[in-house]
>>> print(open('coords.cif').read())   # mmCIF, C-alpha atoms
data_work
loop_
_atom_site.group_PDB
_atom_site.id
_atom_site.type_symbol
_atom_site.label_atom_id
_atom_site.label_comp_id
_atom_site.auth_asym_id
_atom_site.auth_seq_id
_atom_site.Cartn_x
_atom_site.Cartn_y
_atom_site.Cartn_z
ATOM 1 C CA MET U 1 -153.751 -66.931 -110.409
ATOM 2 C CA LYS U 2 -156.208 -68.111 -107.780
ATOM 3 C CA VAL U 3 -158.537 -65.545 -106.229
ATOM 4 C CA ILE U 4 -159.529 -66.424 -102.667
ATOM 5 C CA THR U 5 -162.308 -64.393 -101.053
ATOM 6 C CA THR U 6 -162.891 -66.068 -97.691
ATOM 7 C CA VAL U 7 -160.711 -66.334 -94.607
ATOM 8 C CA LYS U 8 -161.435 -70.038 -94.181
ATOM 9 C CA ASN U 9 -160.465 -70.997 -97.729
ATOM 10 C CA MET U 10 -157.263 -68.937 -97.547
ATOM 11 C CA GLN U 11 -156.274 -70.633 -94.297
ATOM 12 C CA ILE U 12 -156.909 -74.099 -95.712
ATOM 13 C CA LEU U 13 -154.888 -73.391 -98.852
ATOM 14 C CA SER U 14 -151.960 -71.729 -97.085
ATOM 15 C CA CYS U 15 -151.688 -74.551 -94.546
ATOM 16 C CA GLU U 16 -151.281 -77.022 -97.417
ATOM 17 C CA LEU U 17 -148.878 -74.876 -99.439
ATOM 18 C CA ARG U 18 -146.445 -74.063 -96.640
ATOM 19 C CA LYS U 19 -145.765 -77.756 -96.057
ATOM 20 C CA GLU U 20 -143.871 -77.915 -99.337
ATOM 21 C CA GLU U 21 -143.113 -74.369 -100.501
ATOM 22 C CA LYS U 22 -141.941 -71.025 -99.163
ATOM 23 C CA ILE U 23 -144.701 -68.398 -99.131
ATOM 24 C CA GLY U 24 -143.933 -64.728 -99.701
ATOM 25 C CA PHE U 25 -146.665 -62.240 -98.823
ATOM 26 C CA VAL U 26 -147.385 -58.647 -99.855
ATOM 27 C CA PRO U 27 -150.286 -57.004 -97.996
ATOM 28 C CA THR U 28 -151.862 -54.071 -99.883
ATOM 29 C CA MET U 29 -154.948 -51.887 -99.920
ATOM 30 C CA GLY U 30 -155.168 -52.138 -103.684
ATOM 31 C CA PHE U 31 -155.065 -49.510 -106.434
ATOM 32 C CA LEU U 32 -151.669 -50.959 -107.235
ATOM 33 C CA HIS U 33 -148.743 -48.913 -108.519
ATOM 34 C CA LYS U 34 -145.043 -49.340 -109.285
ATOM 35 C CA GLY U 35 -144.196 -49.430 -105.605
ATOM 36 C CA HIS U 36 -146.484 -52.386 -104.956
ATOM 37 C CA LEU U 37 -145.139 -54.180 -108.007
ATOM 38 C CA SER U 38 -141.578 -53.770 -106.730
ATOM 39 C CA LEU U 39 -142.627 -55.421 -103.450
ATOM 40 C CA ILE U 40 -144.145 -58.300 -105.403
ATOM 41 C CA ASP U 41 -140.934 -58.709 -107.406
ATOM 42 C CA ARG U 42 -138.958 -58.813 -104.149
ATOM 43 C CA ALA U 43 -141.289 -61.454 -102.720
ATOM 44 C CA ARG U 44 -140.963 -63.497 -105.913
ATOM 45 C CA SER U 45 -137.164 -63.429 -105.680
ATOM 46 C CA LEU U 46 -137.292 -64.799 -102.134
ATOM 47 C CA SER U 47 -140.057 -67.407 -102.297
ATOM 48 C CA GLU U 48 -141.800 -70.037 -104.417
ATOM 49 C CA ILE U 49 -145.383 -68.916 -103.816
ATOM 50 C CA VAL U 50 -146.418 -65.253 -103.834
ATOM 51 C CA VAL U 51 -149.633 -64.173 -102.116
ATOM 52 C CA VAL U 52 -150.944 -60.618 -102.416
ATOM 53 C CA SER U 53 -153.855 -59.354 -100.346
ATOM 54 C CA ILE U 54 -156.135 -56.469 -101.273
ATOM 55 C CA PHE U 55 -158.080 -55.156 -98.314
ATOM 56 C CA VAL U 56 -158.845 -51.522 -97.530
ATOM 57 C CA ASN U 57 -158.663 -51.781 -93.769
ATOM 58 C CA PRO U 58 -161.265 -49.531 -92.092
ATOM 59 C CA LYS U 59 -159.578 -49.917 -88.697
ATOM 60 C CA GLN U 60 -156.604 -47.763 -89.700
ATOM 61 C CA PHE U 61 -158.659 -44.809 -90.898
ATOM 62 C CA GLY U 62 -159.913 -42.089 -88.556
ATOM 63 C CA PRO U 63 -163.516 -40.802 -88.781
ATOM 64 C CA SER U 64 -162.429 -37.734 -90.772
ATOM 65 C CA GLU U 65 -159.996 -39.576 -93.046
ATOM 66 C CA ASP U 66 -160.352 -40.859 -96.603
ATOM 67 C CA TYR U 67 -161.601 -44.445 -96.177
ATOM 68 C CA LEU U 68 -164.667 -43.960 -98.381
ATOM 69 C CA THR U 69 -162.761 -42.083 -101.081
ATOM 70 C CA TYR U 70 -159.624 -44.241 -100.986
ATOM 71 C CA PRO U 71 -159.061 -45.231 -104.653
ATOM 72 C CA ARG U 72 -160.221 -48.702 -105.649
ATOM 73 C CA ASP U 73 -160.080 -50.596 -108.965
ATOM 74 C CA PHE U 74 -160.212 -54.334 -108.395
ATOM 75 C CA GLU U 75 -160.318 -55.402 -112.052
ATOM 76 C CA ARG U 76 -157.253 -53.327 -112.879
ATOM 77 C CA ASP U 77 -155.443 -54.674 -109.817
ATOM 78 C CA LYS U 78 -156.287 -58.239 -110.743
ATOM 79 C CA ARG U 79 -154.941 -57.735 -114.257
ATOM 80 C CA LEU U 80 -151.659 -56.279 -112.941
ATOM 81 C CA LEU U 81 -151.226 -59.188 -110.540
ATOM 82 C CA LYS U 82 -151.803 -61.735 -113.299
ATOM 83 C CA GLU U 83 -149.188 -59.987 -115.435
ATOM 84 C CA ARG U 84 -146.785 -60.259 -112.482
ATOM 85 C CA ASP U 85 -147.436 -64.012 -112.190
ATOM 86 C CA VAL U 86 -148.792 -63.717 -108.652
ATOM 87 C CA ASP U 87 -149.969 -67.129 -107.472
ATOM 88 C CA ILE U 88 -152.759 -66.130 -105.099
ATOM 89 C CA LEU U 89 -154.831 -63.000 -104.610
ATOM 90 C CA PHE U 90 -156.550 -62.840 -101.232
ATOM 91 C CA TYR U 91 -159.525 -60.469 -101.456
ATOM 92 C CA PRO U 92 -161.585 -60.780 -98.275
ATOM 93 C CA ASP U 93 -164.830 -59.093 -97.348
ATOM 94 C CA ILE U 94 -164.961 -56.642 -94.430
ATOM 95 C CA LYS U 95 -167.585 -58.757 -92.642
ATOM 96 C CA ASP U 96 -165.327 -61.806 -92.894
ATOM 97 C CA MET U 97 -162.331 -59.923 -91.504
ATOM 98 C CA TYR U 98 -164.287 -58.053 -88.833
ATOM 99 C CA PRO U 99 -167.487 -59.969 -88.041
ATOM 100 C CA THR U 100 -170.245 -58.488 -85.892
ATOM 101 C CA GLY U 101 -169.044 -58.061 -82.325
ATOM 102 C CA TYR U 102 -165.364 -57.928 -83.251
ATOM 103 C CA SER U 103 -163.447 -56.533 -80.260
ATOM 104 C CA THR U 104 -159.816 -57.724 -80.366
ATOM 105 C CA TYR U 105 -156.987 -55.358 -81.257
ATOM 106 C CA VAL U 106 -153.184 -55.415 -81.299
ATOM 107 C CA GLU U 107 -151.357 -52.417 -79.888
ATOM 108 C CA VAL U 108 -147.586 -51.973 -79.925
ATOM 109 C CA GLU U 109 -146.669 -49.487 -77.207
ATOM 110 C CA GLY U 110 -144.761 -46.340 -78.076
ATOM 111 C CA PHE U 111 -145.706 -46.063 -81.744
ATOM 112 C CA ASP U 112 -148.399 -43.464 -81.072
ATOM 113 C CA ALA U 113 -145.856 -40.932 -79.778
ATOM 114 C CA THR U 114 -144.275 -39.770 -83.051
ATOM 115 C CA LEU U 115 -144.863 -39.392 -86.786
ATOM 116 C CA CYS U 116 -148.209 -40.674 -88.102
ATOM 117 C CA GLY U 117 -148.908 -42.489 -84.852
ATOM 118 C CA ALA U 118 -149.187 -39.177 -83.024
ATOM 119 C CA ARG U 119 -151.259 -37.468 -85.743
ATOM 120 C CA ARG U 120 -153.648 -40.295 -86.553
ATOM 121 C CA PRO U 121 -155.136 -41.715 -83.314
ATOM 122 C CA GLY U 122 -155.777 -45.443 -83.630
ATOM 123 C CA HIS U 123 -153.962 -45.732 -86.944
ATOM 124 C CA MET U 124 -151.053 -47.830 -85.719
ATOM 125 C CA ARG U 125 -153.374 -50.073 -83.734
ATOM 126 C CA GLY U 126 -155.383 -50.654 -86.906
ATOM 127 C CA VAL U 127 -152.253 -51.479 -88.904
ATOM 128 C CA ALA U 128 -150.948 -53.910 -86.270
ATOM 129 C CA THR U 129 -154.334 -55.586 -85.934
ATOM 130 C CA VAL U 130 -154.923 -56.182 -89.625
ATOM 131 C CA CYS U 131 -151.363 -57.419 -90.187
ATOM 132 C CA MET U 132 -151.635 -59.867 -87.306
ATOM 133 C CA LYS U 133 -154.891 -61.165 -88.762
ATOM 134 C CA LEU U 134 -153.447 -61.427 -92.267
ATOM 135 C CA PHE U 135 -150.348 -63.230 -91.000
ATOM 136 C CA ASN U 136 -152.550 -65.743 -89.171
ATOM 137 C CA ILE U 137 -154.672 -66.267 -92.285
ATOM 138 C CA VAL U 138 -151.982 -66.389 -94.992
ATOM 139 C CA ARG U 139 -149.278 -67.935 -92.769
ATOM 140 C CA PRO U 140 -146.363 -66.674 -94.902
ATOM 141 C CA HIS U 141 -142.706 -67.409 -94.326
ATOM 142 C CA LEU U 142 -141.904 -63.791 -95.201
ATOM 143 C CA ALA U 143 -143.744 -60.525 -95.797
ATOM 144 C CA VAL U 144 -142.464 -57.547 -97.776
ATOM 145 C CA PHE U 145 -143.125 -53.916 -96.807
ATOM 146 C CA GLY U 146 -142.041 -50.682 -98.468
ATOM 147 C CA GLU U 147 -139.745 -48.171 -96.794
ATOM 148 C CA LYS U 148 -142.114 -45.321 -97.714
ATOM 149 C CA ASP U 149 -144.300 -46.526 -94.842
ATOM 150 C CA TYR U 150 -141.248 -46.830 -92.604
ATOM 151 C CA GLN U 151 -143.087 -46.415 -89.308
ATOM 152 C CA GLN U 152 -145.533 -49.156 -90.231
ATOM 153 C CA ALA U 153 -142.701 -51.472 -91.240
ATOM 154 C CA ILE U 154 -140.832 -50.948 -87.956
ATOM 155 C CA LEU U 155 -144.089 -51.408 -86.051
ATOM 156 C CA ILE U 156 -144.677 -54.763 -87.750
ATOM 157 C CA LYS U 157 -141.101 -55.887 -87.152
ATOM 158 C CA ARG U 158 -141.536 -55.131 -83.451
ATOM 159 C CA MET U 159 -144.904 -56.899 -83.306
ATOM 160 C CA VAL U 160 -143.491 -59.991 -85.008
ATOM 161 C CA SER U 161 -140.514 -60.069 -82.655
ATOM 162 C CA ASP U 162 -142.536 -59.476 -79.498
ATOM 163 C CA THR U 163 -145.156 -62.119 -80.317
ATOM 164 C CA ASN U 164 -142.658 -64.716 -81.597
ATOM 165 C CA LEU U 165 -144.254 -65.026 -85.012
ATOM 166 C CA ASP U 166 -142.239 -67.211 -87.367
ATOM 167 C CA ILE U 167 -142.198 -64.621 -90.163
ATOM 168 C CA GLU U 168 -139.340 -62.683 -91.736
ATOM 169 C CA ILE U 169 -140.164 -59.027 -92.391
ATOM 170 C CA VAL U 170 -138.363 -57.703 -95.468
ATOM 171 C CA LEU U 171 -138.050 -53.969 -96.198
ATOM 172 C CA SER U 172 -137.890 -52.805 -99.803
ATOM 173 C CA PRO U 173 -136.736 -49.359 -101.066
ATOM 174 C CA THR U 174 -139.209 -46.596 -101.889
ATOM 175 C CA VAL U 175 -140.059 -46.337 -105.589
ATOM 176 C CA ARG U 176 -140.111 -42.786 -106.955
ATOM 177 C CA GLU U 177 -141.261 -40.878 -109.996
ATOM 178 C CA GLY U 178 -138.741 -39.039 -112.177
ATOM 179 C CA ASP U 179 -138.922 -35.890 -110.024
ATOM 180 C CA GLY U 180 -138.478 -37.861 -106.817
ATOM 181 C CA LEU U 181 -142.080 -38.000 -105.606
ATOM 182 C CA ALA U 182 -142.747 -41.324 -103.891
ATOM 183 C CA VAL U 183 -145.367 -43.314 -105.783
ATOM 184 C CA SER U 184 -148.606 -43.588 -103.827
ATOM 185 C CA SER U 185 -152.196 -44.580 -104.487
ATOM 186 C CA ARG U 186 -153.210 -41.139 -103.196
ATOM 187 C CA ASN U 187 -151.218 -39.287 -105.885
ATOM 188 C CA ILE U 188 -154.203 -39.677 -108.205
ATOM 189 C CA HIS U 189 -156.080 -37.102 -106.126
ATOM 190 C CA LEU U 190 -153.511 -34.339 -106.780
ATOM 191 C CA THR U 191 -154.285 -31.528 -109.206
ATOM 192 C CA ASP U 192 -151.624 -30.675 -111.775
ATOM 193 C CA LYS U 193 -150.395 -27.793 -109.591
ATOM 194 C CA GLU U 194 -150.383 -29.916 -106.422
ATOM 195 C CA ARG U 195 -148.560 -32.712 -108.221
ATOM 196 C CA LYS U 196 -145.861 -30.294 -109.398
ATOM 197 C CA ASP U 197 -145.500 -28.784 -105.920
ATOM 198 C CA ALA U 198 -145.310 -32.219 -104.271
ATOM 199 C CA ALA U 199 -141.868 -32.804 -105.793
ATOM 200 C CA VAL U 200 -140.552 -30.512 -103.035
ATOM 201 C CA LEU U 201 -140.961 -33.310 -100.496
ATOM 202 C CA TYR U 202 -138.074 -35.405 -101.764
ATOM 203 C CA LYS U 203 -135.983 -32.309 -102.472
ATOM 204 C CA SER U 204 -136.385 -31.178 -98.863
ATOM 205 C CA LEU U 205 -135.524 -34.655 -97.560
ATOM 206 C CA LEU U 206 -132.365 -34.759 -99.677
ATOM 207 C CA PHE U 207 -131.406 -31.291 -98.452
ATOM 208 C CA GLY U 208 -131.898 -32.360 -94.843
ATOM 209 C CA LYS U 209 -129.907 -35.541 -95.438
ATOM 210 C CA ASN U 210 -127.031 -33.508 -96.881
ATOM 211 C CA LEU U 211 -127.039 -31.242 -93.822
ATOM 212 C CA VAL U 212 -126.703 -34.277 -91.546
ATOM 213 C CA GLU U 213 -123.924 -35.758 -93.645
ATOM 214 C CA GLU U 214 -122.073 -32.428 -93.640
ATOM 215 C CA GLY U 215 -122.069 -32.334 -89.839
ATOM 216 C CA GLU U 216 -125.218 -30.498 -88.773
ATOM 217 C CA ASP U 217 -126.426 -32.176 -85.586
ATOM 218 C CA ASN U 218 -129.180 -29.786 -84.457
ATOM 219 C CA THR U 219 -132.536 -31.199 -85.532
ATOM 220 C CA ASP U 220 -134.345 -27.875 -85.023
ATOM 221 C CA LYS U 221 -132.101 -26.217 -87.625
ATOM 222 C CA ILE U 222 -132.649 -29.064 -90.095
ATOM 223 C CA ILE U 223 -136.424 -29.016 -89.635
ATOM 224 C CA LYS U 224 -136.518 -25.209 -89.970
ATOM 225 C CA THR U 225 -134.675 -25.392 -93.286
ATOM 226 C CA MET U 226 -136.899 -28.148 -94.654
ATOM 227 C CA ARG U 227 -140.023 -26.334 -93.481
ATOM 228 C CA LYS U 228 -138.988 -23.162 -95.323
ATOM 229 C CA MET U 229 -138.506 -25.124 -98.553
ATOM 230 C CA ILE U 230 -141.925 -26.774 -98.337
ATOM 231 C CA GLU U 231 -143.808 -23.650 -97.250
ATOM 232 C CA GLY U 232 -142.547 -21.998 -100.413
ATOM 233 C CA LYS U 233 -145.165 -24.054 -102.287
ATOM 234 C CA ARG U 234 -148.609 -22.479 -102.071
ATOM 235 C CA THR U 235 -150.562 -25.721 -102.161
ATOM 236 C CA ALA U 236 -148.556 -27.288 -99.312
ATOM 237 C CA ARG U 237 -149.700 -27.505 -95.677
ATOM 238 C CA ILE U 238 -147.289 -29.259 -93.328
ATOM 239 C CA ASP U 239 -148.652 -31.852 -90.917
ATOM 240 C CA TYR U 240 -145.253 -32.695 -89.454
ATOM 241 C CA ILE U 241 -141.530 -32.789 -90.085
ATOM 242 C CA GLU U 242 -139.632 -34.873 -87.542
ATOM 243 C CA VAL U 243 -136.208 -36.368 -86.980
ATOM 244 C CA VAL U 244 -136.252 -39.696 -85.150
ATOM 245 C CA ASP U 245 -133.898 -42.531 -84.303
ATOM 246 C CA SER U 246 -133.927 -44.875 -87.307
ATOM 247 C CA LYS U 247 -134.155 -47.943 -85.043
ATOM 248 C CA ASN U 248 -136.753 -47.075 -82.403
ATOM 249 C CA LEU U 249 -138.384 -43.963 -83.966
ATOM 250 C CA LYS U 250 -137.924 -41.874 -80.828
ATOM 251 C CA LEU U 251 -137.512 -38.134 -81.299
ATOM 252 C CA VAL U 252 -133.912 -36.908 -81.589
ATOM 253 C CA LYS U 253 -132.643 -33.454 -80.659
ATOM 254 C CA THR U 254 -128.920 -33.894 -81.260
ATOM 255 C CA ILE U 255 -127.862 -36.215 -84.071
ATOM 256 C CA ASN U 256 -125.067 -38.646 -83.214
ATOM 257 C CA LYS U 257 -126.362 -41.779 -84.933
ATOM 258 C CA PRO U 258 -128.403 -42.696 -88.040
ATOM 259 C CA VAL U 259 -131.751 -40.902 -88.095
ATOM 260 C CA LEU U 260 -134.934 -40.947 -90.109
ATOM 261 C CA LEU U 261 -136.066 -37.646 -91.561
ATOM 262 C CA ALA U 262 -139.810 -38.041 -91.976
ATOM 263 C CA LEU U 263 -142.644 -35.780 -93.035
ATOM 264 C CA ALA U 264 -146.327 -35.647 -93.806
ATOM 265 C CA VAL U 265 -147.680 -32.806 -95.918
ATOM 266 C CA TYR U 266 -151.095 -31.964 -97.324
ATOM 267 C CA PHE U 267 -151.357 -30.765 -100.896
ATOM 268 C CA GLY U 268 -154.896 -29.552 -101.118
ATOM 269 C CA ARG U 269 -156.855 -32.320 -99.364
ATOM 270 C CA THR U 270 -154.332 -35.062 -100.132
ATOM 271 C CA ARG U 271 -151.933 -36.103 -97.385
ATOM 272 C CA LEU U 272 -148.588 -37.494 -98.546
ATOM 273 C CA ILE U 273 -145.801 -39.028 -96.461
ATOM 274 C CA ASP U 274 -142.134 -39.625 -97.209
ATOM 275 C CA ASN U 275 -138.852 -40.226 -95.415
ATOM 276 C CA ILE U 276 -135.129 -40.768 -95.819
ATOM 277 C CA ILE U 277 -132.314 -42.214 -93.697
ATOM 278 C CA ALA U 278 -129.436 -39.869 -92.878
ATOM 279 C CA VAL U 279 -126.126 -40.985 -91.379
ATOM 280 C CA PRO U 280 -123.776 -38.428 -89.772
ATOM 281 C CA ALA U 281 -120.260 -38.466 -91.187
ATOM 282 C CA ARG U 282 -118.663 -39.018 -87.794
ATOM 283 C CA TRP U 283 -120.798 -42.016 -86.937
ATOM 284 C CA ASN U 284 -118.943 -45.324 -86.760
ATOM 285 C CA VAL U 285 -120.612 -48.718 -86.937
#
>>> encode(input="coords.cif", output="structure tokens")
Amino acid sequence: MKVITTVKNMQILSCELRKEEKIGFVPTMGFLHKGHLSLIDRARSLSEIVVVSIFVNPKQFGPSEDYLTYPRDFERDKRLLKERDVDILFYPDIKDMYPTGYSTYVEVEGFDATLCGARRPGHMRGVATVCMKLFNIVRPHLAVFGEKDYQQAILIKRMVSDTNLDIEIVLSPTVREGDGLAVSSRNIHLTDKERKDAAVLYKSLLFGKNLVEEGEDNTDKIIKTMRKMIEGKRTARIDYIEVVDSKNLKLVKTINKPVLLALAVYFGRTRLIDNIIAVPARWNV
């Protein structure tokens, strides 16, 4: 596995590689887990060369968020990537990605109106900006994103479409622990009690999904039921529970098409997100 640490060297290498081989790309912020590894496996199945980036992007963290305490373990990550037969690890420096005087950003309109976009000002702009930069540096034929970060994935698909980038965006299913909790780098911060309580997230999503499939079309009733389940856990503090159109992520009041049930909940000081697609029984393709 080659480890590339500068933007220039990554660009030179990727320009040569893509002449002959298909490049699959998995952008990450490191502290790799089973979810990341599943994305890498998906990229491997679809391409000849797999590139993984590790870059904790400061532009997508707010001033009161966990950028400085975001978990990092480069040596462990590097070992896991070698075991997965990753071809190239791109590990750039912040100053190389955002040199002094940096002032260019990518903003996809509408994504700051719901879900994490509405709760984390500047977050979606930071995600779009770093992905555009990474795509221009790595120049992949395809990039794989996890469905756990569904809003980010849809944002990137829209950005790629709107800017005519020649990249296929592939979505891969959320990987979960035995009790249903979505794997996340932030799970390490949970206490034993918080970790046990956090299993309610997936349970509430499944309950909401069942309500939709059984014919409930009032989103307020679904959210109220899910909220009651989560608030039954003492360590939980709800940031949001929302029901949005699964295609454009706009808020839905009456369900008559596939929707995304999405939530963000704090357990102690750790904020976790999760989601699930629900399709009403009467909906016809």
>>> resolve_selection(input="coords.cif", expression="the PyMOL selection byres ((chain U and resi 11) around 12)", output="list in words")
Ile4, Thr5, Thr6, Val7, Lys8, Asn9, Met10, Ile12, Leu13, Ser14, Cys15, Glu16, Leu17, Arg18, Phe90, Pro92, Lys133, Leu134, Phe135, Asn136, Ile137, Val138, Arg139 and Pro140 of chain U
>>> residues_around(input="coords.cif", residues="Glu168 of chain U", least_positions_apart="6", cutoff="9 Å", atoms="all atoms listed in the file", output="PyMOL selection string")
chain U and resi 140-144+157+160
>>> residues_around(input="coords.cif", residues="Tyr240 of chain U", least_positions_apart="2", cutoff="8 Å", atoms="all atoms listed in the file", output="mmCIF file with C-alpha atoms, in the frame of the given file")
data_model
loop_
_atom_site.group_PDB
_atom_site.id
_atom_site.type_symbol
_atom_site.label_atom_id
_atom_site.label_comp_id
_atom_site.auth_asym_id
_atom_site.auth_seq_id
_atom_site.Cartn_x
_atom_site.Cartn_y
_atom_site.Cartn_z
ATOM 1 C CA LEU U 115 -144.863 -39.392 -86.786
ATOM 2 C CA ILE U 238 -147.289 -29.259 -93.328
ATOM 3 C CA GLU U 242 -139.632 -34.873 -87.542
ATOM 4 C CA LEU U 263 -142.644 -35.780 -93.035
ATOM 5 C CA ALA U 264 -146.327 -35.647 -93.806
ATOM 6 C CA VAL U 265 -147.680 -32.806 -95.918
#
>>> closest_residue(input="coords.cif", among="U:Ile222, U:Val3, U:Cys116, U:Ile169", to="Val26 of chain U", atoms="only C-alpha atoms")
U:Ile169
>>> closest_residue(input="coords.cif", among="U:Glu107, U:Leu165, U:Glu147, U:Leu272", to="Leu181 of chain U", atoms="all atoms listed in the file")
U:Leu272
>>> resolve_selection(input="coords.cif", expression="the PyMOL selection byres ((chain U and resi 82) around 12)", output="list in words")
Met1, Lys2, Val3, Leu37, Ile40, Val50, Val51, Val52, Glu75, Arg76, Asp77, Lys78, Arg79, Leu80, Leu81, Glu83, Arg84, Asp85, Val86, Asp87, Ile88 and Leu89 of chain U
>>> residues_around(input="coords.cif", residues="Glu65 of chain U", least_positions_apart="2", cutoff="12 Å", atoms="only C-alpha atoms", output="list in words")
Pro58, Lys59, Gln60, Phe61, Gly62, Pro63, Tyr67, Leu68, Thr69, Tyr70, Arg119, Arg120, Pro121, Gly122, His123, Arg269, Thr270 and Arg271 of chain U
>>> atom_distance(input="coords.cif", atom1="atom CA of Ala199 of chain U", atom2="atom CA of Arg237 of chain U")
13.8 Å
>>> residues_around(input="coords.cif", residues="segment 251-256 of chain U", least_positions_apart="4", cutoff="12 Å", atoms="only C-alpha atoms", output="number ranges by chain")
U: 110-111, 113-115, 118, 209, 211-223, 241-247, 260-262, 278-285
>>> closest_residue(input="coords.cif", among="U:Glu109, U:Asp274, U:Glu231, U:Glu177", to="Ile156 of chain U", atoms="only C-alpha atoms")
U:Glu109
>>> resolve_selection(input="coords.cif", expression="the PyMOL selection byres ((chain U and resi 48) around 10)", output="PyMOL selection string")
chain U and resi 17-18+20-24+43-47+49-50+87
>>> atom_distance(input="coords.cif", atom1="atom CA of Tyr150 of chain U", atom2="atom CA of Met97 of chain U")
24.8 Å
>>> atom_distance(input="coords.cif", atom1="atom CA of Leu206 of chain U", atom2="atom CA of Pro71 of chain U")
29.1 Å
>>> residues_around(input="coords.cif", residues="Met29 of chain U", least_positions_apart="2", cutoff="10 Å", atoms="all atoms listed in the file", output="number ranges by chain")
U: 27, 31-32, 36, 52-57, 70-72, 91, 185
>>> closest_residue(input="coords.cif", among="U:Val106, U:Lys148, U:Gly268, U:Arg195", to="Thr129 of chain U", atoms="only C-alpha atoms")
U:Val106
>>> closest_residue(input="coords.cif", among="U:Tyr202, U:Phe25, U:Phe145, U:Phe207", to="Gly180 of chain U", atoms="only C-alpha atoms")
U:Tyr202
>>> closest_residue(input="coords.cif", among="U:Val127, U:Gly101, U:Leu201, U:Gly208", to="Gln151 of chain U", atoms="all atoms listed in the file")
U:Val127
>>> decode(input="coords.cif", residues="segment 84-95 of chain U", atoms="N, CA and C atoms", output="CSV table (one decimal), in the first residue's frame")
chain,number,residue,atom,x,y,z
U,84,ARG,N,-6.8,-4.9,4.3
U,84,ARG,CA,-7.9,-4.9,3.4
U,84,ARG,C,-7.4,-4.8,1.9
U,85,ASP,N,-6.0,-4.8,1.8
U,85,ASP,CA,-5.4,-4.7,0.4
U,85,ASP,C,-5.8,-3.4,-0.3
U,86,VAL,N,-5.9,-2.3,0.5
U,86,VAL,CA,-6.1,-1.0,-0.2
U,86,VAL,C,-4.8,-0.6,-0.9
U,87,ASP,N,-5.0,-0.1,-2.1
U,87,ASP,CA,-3.8,0.2,-2.9
U,87,ASP,C,-3.1,1.5,-2.5
U,88,ILE,N,-3.9,2.6,-2.2
U,88,ILE,CA,-3.4,3.9,-1.9
U,88,ILE,C,-4.1,4.5,-0.7
U,89,LEU,N,-3.3,5.0,0.2
U,89,LEU,CA,-3.9,5.8,1.3
U,89,LEU,C,-3.4,7.2,1.1
U,90,PHE,N,-4.4,8.1,1.0
U,90,PHE,CA,-4.1,9.5,0.9
U,90,PHE,C,-4.3,10.2,2.2
U,91,TYR,N,-3.3,10.8,2.8
U,91,TYR,CA,-3.3,11.3,4.1
U,91,TYR,C,-2.7,12.7,4.1
U,92,PRO,N,-3.5,13.7,3.6
U,92,PRO,CA,-2.9,15.0,3.5
U,92,PRO,C,-2.9,15.8,4.8
U,93,ASP,N,-2.1,16.9,4.7
U,93,ASP,CA,-2.0,17.8,5.8
U,93,ASP,C,-3.0,18.9,5.7
U,94,ILE,N,-3.5,19.5,6.8
U,94,ILE,CA,-4.5,20.5,6.7
U,94,ILE,C,-4.0,21.7,5.9
U,95,LYS,N,-2.7,22.1,6.1
U,95,LYS,CA,-2.2,23.2,5.4
U,95,LYS,C,-2.1,23.0,3.9
